[in-house]
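Asker: work35.txt is reproduced below (compact mmCIF, C-alpha atoms (C1' of nucleotides)).
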# COMPACT_ATOMS: atom_id res chain seq x y z
CA MET A 1 53.06 87.87 68.86
CA ARG A 2 54.81 89.33 71.90
CA ALA A 3 52.25 92.13 72.13
CA GLN A 4 49.34 89.74 71.58
CA LEU A 5 50.41 87.36 74.32
CA LYS A 6 50.79 90.22 76.76
CA THR A 7 47.39 91.64 75.80
CA ILE A 8 45.69 88.27 76.19
CA TYR A 9 47.18 87.90 79.67
CA GLU A 10 46.04 91.33 80.72
CA LYS A 11 42.52 90.75 79.44
CA LEU A 12 42.30 87.41 81.20
CA TYR A 13 43.65 88.75 84.47
CA SER A 14 41.34 91.74 84.55
CA HIS A 15 38.35 89.55 83.64
CA PHE A 16 38.94 86.54 85.91
CA GLY A 17 41.38 87.79 88.54
CA PRO A 18 44.00 85.63 90.27
CA GLN A 19 43.39 81.87 90.12
CA HIS A 20 45.48 80.88 93.15
CA TRP A 21 47.20 77.90 91.55
CA TRP A 22 48.29 75.25 92.34
CA PRO A 23 45.47 74.20 94.72
CA ALA A 24 47.63 72.13 97.10
CA SER A 25 49.32 72.72 100.44
CA THR A 26 52.76 71.19 99.76
CA ALA A 27 55.14 70.75 96.85
CA PHE A 28 54.85 66.99 97.14
CA GLU A 29 51.09 67.20 96.90
CA VAL A 30 51.47 69.27 93.72
CA MET A 31 53.63 66.54 92.22
CA LEU A 32 51.11 63.82 93.00
CA GLY A 33 48.31 65.99 91.66
CA ALA A 34 50.23 66.61 88.44
CA ILE A 35 50.17 62.88 87.69
CA LEU A 36 46.66 62.28 88.99
CA THR A 37 45.14 65.05 86.89
CA GLN A 38 46.28 63.60 83.56
CA ASN A 39 43.22 63.78 81.30
CA THR A 40 41.09 64.02 84.43
CA ASN A 41 38.78 66.58 86.02
CA TRP A 42 40.38 68.24 89.04
CA SER A 43 37.40 67.50 91.31
CA ASN A 44 38.10 63.79 90.88
CA VAL A 45 41.76 64.34 91.69
CA GLU A 46 40.75 66.09 94.92
CA LYS A 47 38.81 63.04 96.03
CA ALA A 48 41.85 60.87 95.45
CA ILE A 49 44.16 63.24 97.29
CA ASP A 50 41.67 63.50 100.17
CA ASN A 51 41.83 59.72 100.52
CA LEU A 52 45.62 59.85 100.72
CA LYS A 53 45.37 62.70 103.20
CA LYS A 54 42.95 60.77 105.42
CA HIS A 55 45.43 57.93 105.57
CA LYS A 56 48.26 60.37 106.24
CA LEU A 57 50.12 59.23 103.16
CA LEU A 58 51.05 62.59 101.68
CA LYS A 59 54.73 62.14 102.37
CA PRO A 60 57.34 60.55 100.12
CA HIS A 61 58.42 57.92 102.67
CA LYS A 62 54.85 56.92 103.49
CA LEU A 63 53.80 56.49 99.87
CA LYS A 64 57.00 54.66 99.04
CA ASN A 65 56.07 51.94 101.53
CA LEU A 66 52.59 51.43 100.09
CA SER A 67 51.90 48.74 97.52
CA ALA A 68 50.73 49.79 94.07
CA LYS A 69 47.63 47.69 94.72
CA LYS A 70 46.64 49.61 97.87
CA LEU A 71 47.58 52.90 96.26
CA ALA A 72 45.33 52.14 93.30
CA ALA A 73 42.36 51.53 95.61
CA LEU A 74 42.89 54.89 97.33
CA ILE A 75 43.21 56.92 94.15
CA ARG A 76 40.29 55.18 92.45
CA PRO A 77 38.11 58.30 92.08
CA ALA A 78 40.78 59.94 89.91
CA GLY A 79 40.22 57.37 87.18
CA TYR A 80 42.89 55.32 85.34
CA TYR A 81 43.75 54.22 88.86
CA ASN A 82 45.86 51.18 88.00
CA ILE A 83 48.11 52.97 85.56
CA LYS A 84 48.29 56.08 87.75
CA ALA A 85 49.29 53.98 90.77
CA LYS A 86 52.19 52.65 88.71
CA ARG A 87 53.06 56.13 87.49
CA LEU A 88 53.12 57.48 91.05
CA LYS A 89 55.35 54.60 92.06
CA ASN A 90 57.63 55.26 89.10
CA PHE A 91 57.90 58.87 90.19
CA LEU A 92 58.66 57.86 93.79
CA ASP A 93 61.35 55.44 92.57
CA PHE A 94 62.85 58.35 90.66
CA LEU A 95 62.62 60.67 93.66
CA PHE A 96 64.37 58.21 95.96
CA GLY A 97 66.73 56.82 93.34
CA ASN A 98 68.08 60.19 92.27
CA PHE A 99 67.44 62.48 95.24
CA LYS A 100 67.07 60.19 98.25
CA GLY A 101 63.45 61.28 98.56
CA SER A 102 64.41 64.91 99.10
CA LEU A 103 62.51 67.61 97.21
CA LYS A 104 65.15 70.07 98.32
CA ALA A 105 67.84 68.03 96.60
CA MET A 106 65.64 67.87 93.51
CA THR A 107 65.20 71.62 93.29
CA LEU A 108 68.96 72.20 93.44
CA LYS A 109 69.47 70.46 90.09
CA ASN A 110 69.63 72.73 87.06
CA THR A 111 66.27 72.99 85.38
CA PRO A 112 66.93 71.70 81.84
CA ALA A 113 68.69 68.60 83.18
CA LEU A 114 65.95 67.97 85.72
CA ARG A 115 63.28 68.33 83.05
CA GLN A 116 65.02 65.70 80.95
CA GLU A 117 65.22 63.35 83.93
CA LEU A 118 61.54 63.85 84.73
CA LEU A 119 60.63 63.05 81.13
CA SER A 120 62.52 59.78 81.40
CA VAL A 121 60.11 58.59 84.12
CA ASN A 122 57.44 56.37 82.61
CA GLY A 123 54.17 58.21 83.07
CA VAL A 124 55.66 61.70 83.14
CA GLY A 125 55.22 63.57 79.86
CA PRO A 126 55.89 67.21 79.00
CA GLU A 127 52.86 68.74 80.71
CA THR A 128 53.33 66.74 83.90
CA ALA A 129 57.06 67.50 84.01
CA ASP A 130 56.50 71.20 83.43
CA SER A 131 53.70 71.35 86.01
CA ILE A 132 56.07 69.87 88.56
CA LEU A 133 58.83 72.31 87.61
CA LEU A 134 56.60 75.39 87.70
CA TYR A 135 54.02 74.70 90.38
CA ALA A 136 55.96 72.48 92.77
CA LEU A 137 59.53 73.67 92.31
CA LYS A 138 58.87 77.28 91.25
CA LYS A 139 60.99 77.13 88.11
CA PRO A 140 60.15 79.60 85.30
CA ILE A 141 58.77 77.02 82.85
CA PHE A 142 55.54 77.58 80.92
CA VAL A 143 53.02 74.73 81.03
CA ILE A 144 51.12 73.88 77.85
CA ASP A 145 47.91 71.88 77.94
CA ALA A 146 45.02 70.97 75.66
CA TYR A 147 43.14 74.18 76.52
CA THR A 148 46.14 76.35 75.71
CA LYS A 149 46.50 74.81 72.29
CA ARG A 150 42.76 74.98 71.56
CA ILE A 151 42.55 78.63 72.59
CA LEU A 152 45.52 79.63 70.42
CA LEU A 153 44.06 77.60 67.55
CA ARG A 154 40.66 79.27 67.76
CA HIS A 155 42.32 82.65 67.73
CA ASN A 156 44.37 81.69 64.70
CA LEU A 157 47.65 82.19 66.52
CA ILE A 158 48.97 78.68 65.72
CA GLU A 159 48.33 75.84 63.28
CA GLU A 160 46.73 72.52 64.17
CA ASP A 161 50.02 70.63 63.85
CA THR A 162 51.96 72.91 66.21
CA GLY A 163 53.75 70.77 68.79
CA TYR A 164 54.15 71.12 72.55
CA THR A 165 57.65 72.56 72.49
CA GLU A 166 56.85 75.01 69.73
CA ILE A 167 53.86 76.40 71.65
CA GLN A 168 55.88 76.53 74.85
CA ASP A 169 58.61 78.49 73.08
CA LEU A 170 56.04 81.03 71.93
CA PHE A 171 55.24 81.90 75.54
CA MET A 172 58.72 81.58 76.95
CA GLN A 173 60.44 83.63 74.27
CA ASN A 174 57.86 86.41 74.29
CA LEU A 175 57.19 86.90 77.98
CA LYS A 176 59.27 87.98 80.92
CA ARG A 177 60.77 84.87 82.52
CA SER A 178 58.67 85.06 85.68
CA VAL A 179 57.37 82.22 87.84
CA ARG A 180 54.53 84.42 89.03
CA LEU A 181 53.50 85.33 85.47
CA PHE A 182 53.81 81.78 84.08
CA ASN A 183 51.83 80.43 87.02
CA GLU A 184 48.95 82.85 86.60
CA TYR A 185 48.91 82.83 82.83
CA HIS A 186 48.54 79.08 82.51
CA ALA A 187 45.89 78.97 85.23
CA LEU A 188 43.97 81.74 83.48
CA LEU A 189 44.11 79.88 80.16
CA VAL A 190 42.61 76.82 81.85
CA LYS A 191 39.90 78.98 83.39
CA LEU A 192 39.11 80.52 80.00
CA GLY A 193 39.10 77.06 78.44
CA LYS A 194 36.67 75.63 80.99
CA ASP A 195 34.29 78.56 80.73
CA TYR A 196 34.43 79.46 77.03
CA CYS A 197 36.57 77.12 74.96
CA LEU A 198 35.16 73.62 75.45
CA LYS A 199 35.71 71.02 72.75
CA ASN A 200 32.20 70.78 71.34
CA LYS A 201 30.62 73.71 73.11
CA PRO A 202 32.72 76.73 72.26
CA LYS A 203 31.38 80.09 73.37
CA CYS A 204 33.65 82.05 71.11
CA GLU A 205 31.10 84.77 70.49
CA ILE A 206 31.05 85.74 74.17
CA CYS A 207 34.68 84.89 74.98
CA PRO A 208 36.21 87.72 77.06
CA LEU A 209 39.09 87.90 74.59
CA LYS A 210 36.73 89.15 71.90
C1' DC B 211 21.94 58.86 76.88
C1' DA B 212 26.53 61.12 75.12
C1' DC B 213 30.34 63.76 76.13
C1' DC B 214 34.36 65.26 78.49
C1' DA B 215 38.17 66.22 81.92
C1' DG B 216 44.61 70.61 83.85
C1' DG B 217 47.93 63.13 79.24
C1' DC B 218 50.77 59.49 78.32
C1' DA B 219 52.46 55.20 76.57
C1' DA B 220 51.88 51.17 73.89
C1' DG B 221 50.27 49.04 69.87
C1' DT B 222 49.79 48.90 64.83
C1' DA B 223 51.18 49.17 59.99
C1' DT C 224 57.35 57.79 61.28
C1' DA C 225 52.38 58.57 61.82
C1' DC C 226 48.04 57.16 63.48
C1' DT C 227 45.10 54.64 66.72
C1' DT C 228 43.82 52.67 71.09
C1' DG C 229 43.67 51.77 76.20
C1' DC C 230 43.33 53.60 80.50
C1' DA C 231 38.30 54.80 84.07
C1' DT C 232 35.86 57.66 87.39
C1' DG C 233 32.41 61.19 88.09
C1' DG C 234 30.02 65.49 86.70
C1' DT C 235 26.93 67.87 83.24
Please express the file's structure as structure tokens.
Answerer:
Amino acid sequence: MRAQLKTIYEKLYSHFGPQHWWPASTAFEVMLGAILTQNTNWSNVEKAIDNLKKHKLLKPHKLKNLSAKKLAALIRPAGYYNIKAKRLKNFLDFLFGNFKGSLKAMTLKNTPALRQELLSVNGVGPETADSILLYALKKPIFVIDAYTKRILLRHNLIEEDTGYTEIQDLFMQNLKRSVRLFNEYHALLVKLGKDYCLKNKPKCEICPLK
DNA sequence: CACCAGGCAAGTA
DNA sequence: TACTTGCATGGT
């Protein structure tokens, strides 16, 4: 498994090249994007973030002072806008409640404990928490998403009932614990998924891993 | 028209 | 515990 995971990464990197994730200019923007992109196309998330940017709301204190109602209207293009407005507010409550709104304070906390705290926020599940840890806070945590599972499934590397943590352990226990590697590997898996491993339109016969 | 996207929580039995 | 459903816009 260790050798296979390394080989897959090398094939993906040489085929697609660097993906330059996460597409955001600040850590806070990454965190918002992590919630907004839940089951949602990234292009829609960009529209929502652009709206926030236009209104100069991409700062913890600014967003904190915005009603969920107004926030929902601004993030409308991202879909699920009512529930995502609440989830963003829940996250902001957590950020201010535990870290006084300081991302620096947040990153000083030890990673396992912080991950548990993130998971306790309503609206933050394992993928969102891990995206925040890896892409916003630069912690060596591997992010698992639907594409990752589907790709491993189609290559017979896991079973259908394999859970999030189990898949995550596969990567984390068989790869060098590197933020750079985890960042690029996950991004490359998403790229492969979008191009060749869609739900009902798999292009397995021409997948670059073959 | 149908299908899907870088999930998660709540409801049901 | 194990399934199912709701959330919603925008691109293909």
Asker: Applying 12 Å and only C-alpha atoms (C1' of nucleotides), which residues near Ala27 in chain A remain after dropping the ones on its own chain fewer than 6 positions away? List them as a PyMOL selection string.
Answerer: chain A and resi 21+33-34+58-60+102-104+106-107+131-138
Asker: Would you mind exporting C-alpha atoms of the selected residues as a PDB file, keeping the file's coordinate frame?
Answerer:
ATOM      1  CA  TRP A  21      47.200  77.900  91.550  1.00  0.00           C
ATOM      2  CA  GLY A  33      48.310  65.990  91.660  1.00  0.00           C
ATOM      3  CA  ALA A  34      50.230  66.610  88.440  1.00  0.00           C
ATOM      4  CA  LEU A  58      51.050  62.590 101.680  1.00  0.00           C
ATOM      5  CA  LYS A  59      54.730  62.140 102.370  1.00  0.00           C
ATOM      6  CA  PRO A  60      57.340  60.550 100.120  1.00  0.00           C
ATOM      7  CA  SER A 102      64.410  64.910  99.100  1.00  0.00           C
ATOM      8  CA  LEU A 103      62.510  67.610  97.210  1.00  0.00           C
ATOM      9  CA  LYS A 104      65.150  70.070  98.320  1.00  0.00           C
ATOM     10  CA  MET A 106      65.640  67.870  93.510  1.00  0.00           C
ATOM     11  CA  THR A 107      65.200  71.620  93.290  1.00  0.00           C
ATOM     12  CA  SER A 131      53.700  71.350  86.010  1.00  0.00           C
ATOM     13  CA  ILE A 132      56.070  69.870  88.560  1.00  0.00           C
ATOM     14  CA  LEU A 133      58.830  72.310  87.610  1.00  0.00           C
ATOM     15  CA  LEU A 134      56.600  75.390  87.700  1.00  0.00           C
ATOM     16  CA  TYR A 135      54.020  74.700  90.380  1.00  0.00           C
ATOM     17  CA  ALA A 136      55.960  72.480  92.770  1.00  0.00           C
ATOM     18  CA  LEU A 137      59.530  73.670  92.310  1.00  0.00           C
ATOM     19  CA  LYS A 138      58.870  77.280  91.250  1.00  0.00           C
TER      20      LYS A 138
END
Asker: Against chain C, which residues of chain A fall within 12 Å? For each one I want the closest pair of atoms and the distance in Å (one decimal), counting all atoms listed in the file, rows by chain and increasing residue number, as a tab-separated table.
Answerer:
residue	atom	partner	partner_atom	distance
A:Leu36	CA	C:DT232	C1'	11.9
A:Thr37	CA	C:DT232	C1'	11.9
A:Gln38	CA	C:DC230	C1'	10.9
A:Asn39	CA	C:DC230	C1'	10.2
A:Thr40	CA	C:DT232	C1'	8.8
A:Asn41	CA	C:DG233	C1'	8.6
A:Trp42	CA	C:DG233	C1'	10.7
A:Ser43	CA	C:DG233	C1'	8.7
A:Asn44	CA	C:DG233	C1'	6.8
A:Val45	CA	C:DT232	C1'	9.9
A:Glu46	CA	C:DG233	C1'	11.8
A:Lys47	CA	C:DG233	C1'	10.4
A:Ala48	CA	C:DT232	C1'	10.5
A:Ala72	CA	C:DA231	C1'	11.9
A:Ile75	CA	C:DT232	C1'	10.0
A:Arg76	CA	C:DT232	C1'	7.2
A:Pro77	CA	C:DT232	C1'	5.2
A:Ala78	CA	C:DT232	C1'	6.0
A:Gly79	CA	C:DT232	C1'	4.4
A:Tyr80	CA	C:DA231	C1'	4.8
A:Tyr81	CA	C:DA231	C1'	7.3
A:Asn82	CA	C:DC230	C1'	8.3
A:Ile83	CA	C:DC230	C1'	7.0
A:Lys84	CA	C:DC230	C1'	9.1
A:Ala85	CA	C:DC230	C1'	11.9
Asker: Using Å and a single decimal, report how far CA of Glu127 in chain A sits from CA of Met1 in chain A.
Answerer: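 Distance reported for this atom pair: 22.5 Å.
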Asker: Which value, in Å to one decimal, gives the distance between CA of Gln4 in chain A and CA of Pro140 in chain A?
Answerer: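 Separating CA of Gln4 in chain A from CA of Pro140 in chain A is a distance of 20.2 Å.
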Asker: For chain B, which residues have at least one atom within 9 Å of chain A, if we go by all atoms listed in the file? Write them as a list in words, please.
Answerer: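 The answer, sorted by residue number, is DC213, DC214, DA215, DG216, DG217, DC218 and DA219 of chain B.
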Asker: What separation in Å, quoted to one decimal, exists between CA of Leu188 in chain A and CA of Arg150 in chain A?
Answerer: 13.8 Å
Asker: Would you compute the box with edges along x, y and z of the file around chain B, including every atom the file lists for it and 3 Å extra on each side, and give its centre and edge lengths in Å to one decimal, as AutoDock Vina command-line options?
Answerer:
--center_x 37.2 --center_y 59.8 --center_z 71.9 --size_x 36.5 --size_y 27.7 --size_z 29.9
Asker: Using all atoms listed in the file and a cutoff of 12 Å, can you tell me which residues are near (56.0, 46.8, 97.4) in the file's coordinates, and write them out as a ChimeraX atom specification?
Answerer: /A:62-71,85-86,89-90,92-93
Asker: Skipping near chain neighbours, those fewer than 3 positions away, what residues fall within 10 Å of Arg2 in chain A using all atoms listed in the file, listed as a list in words?
Answerer: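 Here the answer would be Leu5, Lys6, Thr7, Leu170, Phe171, Gln173, Asn174 and Leu175 of chain A.
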